[in-house]
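A short worksheet on the structure shown next.
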Amino acid sequence: MRAATDLLSGYAEYHRDQRNIVSHFVGVPMIVFGIGVLLARPAFVLGGFALSPAWLVFAVAAAWYLSRGNLVLGVAVSAGVGALLLAAQQVAYGSLAAWLAWGVGMFVVGWVIQFVGHWYEGRKPAFVDDMIGLLVGPMFVTAEAMFLLGWNKPLLAEIERRAGPTVLRDMARIA
């Protein structure tokens, strides 16, 4: 059970180019939303609430986020993922074509954006070396957003100590 600091630092090693980080602010929520749409079916009503595979996966993911040793971050990322799943539920109950278009479309476009970001990075996505990176992605984006708001500067400093500062990779030197 790795702590949030270790997970974020390891993930950050694959995400030091600022353009790649920005691409994650767009791509990761799109991927989570797309997965939420696709996992919204089938659903059954229990106590007035529609339960689907999306909510079962969310329960496991939220428990994982909350057990990483940083409660504020765990609550924030769980709330963010939960909000995306609530929005996903709204589009998932349309026609079969709309369900597939929203789910597959958001998932694929989100990954295209991710791969563009990793082109700028010059490095493969973190999940290629460690599948847990698929769960860390939303935590990383949430932490980065919170850092921008001034939250937990000591955690940011520790991540940068381990992974290095963010940069703008010189694309002219790649040719």
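Here, A, B, ... name the chains of the structure tokens in the order displayed, residue numbers run from 1 inside each chain, and ligands are numbered from 1 in the same displayed order.
Residue-level DSSP output for chain A, from the backbone, shows strand (DSSP E or B) at A:Asp17, A:Phe44, A:Val45, A:Leu46, A:Phe49, A:Ala50, A:Leu51, A:Val167.
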Non-local contacts of Tyr14 in chain A (12 Å; only C-alpha atoms; under 4 positions in same chain excluded) as a PyMOL selection string | chain A and resi 7-10+18+20-21+24+114+117-130+133+136-137+140+162-166
Residue nearest Ala101 in chain A - candidates A:Leu46, A:Ile35, A:Ile159, A:Met1, atoms counted: only C-alpha atoms =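 Nearest candidate to Ala101 in chain A out of A:Leu46, A:Ile35, A:Ile159, A:Met1: A:Ile35.
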Which of these, A:Ala43, A:Tyr93, A:Tyr11, A:Arg19, has the shortest distance to Asp170 in chain A once you count only C-alpha atoms?
->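 Closest candidate: A:Arg19.
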Near Ala54 in chain A, counting only C-alpha atoms, which residues have an atom at most 12 Å away, once you skip same-chain residues fewer than 4 positions from it, shown as a PyMOL selection string?
-> chain A and resi 32-44+50+58-62+81-82+84-89+92
Using only C-alpha atoms, please write the residues we just selected to a file, as a short mmCIF file (atom, residue, chain, number, x, y, z; two decimals), in the first residue's frame.
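Generated file (result-v9.cif):
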data_model
loop_
_atom_site.label_atom_id
_atom_site.label_comp_id
_atom_site.auth_asym_id
_atom_site.auth_seq_id
_atom_site.Cartn_x
_atom_site.Cartn_y
_atom_site.Cartn_z
CA VAL A 32 -13.10 9.13 -16.43
CA PHE A 33 -16.32 10.57 -17.87
CA GLY A 34 -16.21 8.16 -20.82
CA ILE A 35 -15.66 5.18 -18.53
CA GLY A 36 -18.50 6.42 -16.34
CA VAL A 37 -20.83 6.57 -19.35
CA LEU A 38 -19.86 3.09 -20.55
CA LEU A 39 -20.19 1.55 -17.07
CA ALA A 40 -23.52 3.27 -16.39
CA ARG A 41 -25.35 0.39 -18.04
CA PRO A 42 -26.86 -1.87 -16.92
CA ALA A 43 -28.38 -0.15 -13.92
CA PHE A 44 -30.97 -1.14 -11.39
CA ALA A 50 -29.68 3.89 -9.87
CA PHE A 58 -16.27 4.13 -7.91
CA ALA A 59 -16.73 2.61 -4.43
CA VAL A 60 -13.53 0.58 -4.80
CA ALA A 61 -11.59 3.53 -6.27
CA ALA A 62 -12.82 5.93 -3.58
CA VAL A 81 -14.58 11.41 -9.81
CA GLY A 82 -18.04 11.15 -8.24
CA LEU A 84 -17.90 13.10 -13.30
CA LEU A 85 -19.84 9.87 -12.78
CA LEU A 86 -23.00 11.79 -11.87
CA ALA A 87 -22.67 13.77 -15.09
CA ALA A 88 -21.95 10.58 -17.02
CA GLN A 89 -25.14 9.01 -15.70
CA ALA A 92 -25.84 7.28 -20.39
#
Kindly indicate which residue among A:Gly27, A:Gly105, A:Pro138, A:Pro53 lies nearest to Ala76 in chain A, using only C-alpha atoms for the distances.
-> A:Pro138
Write out as a PyMOL selection string all residues of range 4-169 of chain A that DSSP puts in helix (DSSP H, G or I) for this structure's backbone.
-> chain A and resi 4-12+18-38+53-66+71-92+96-121+126-128+133-148+153-163
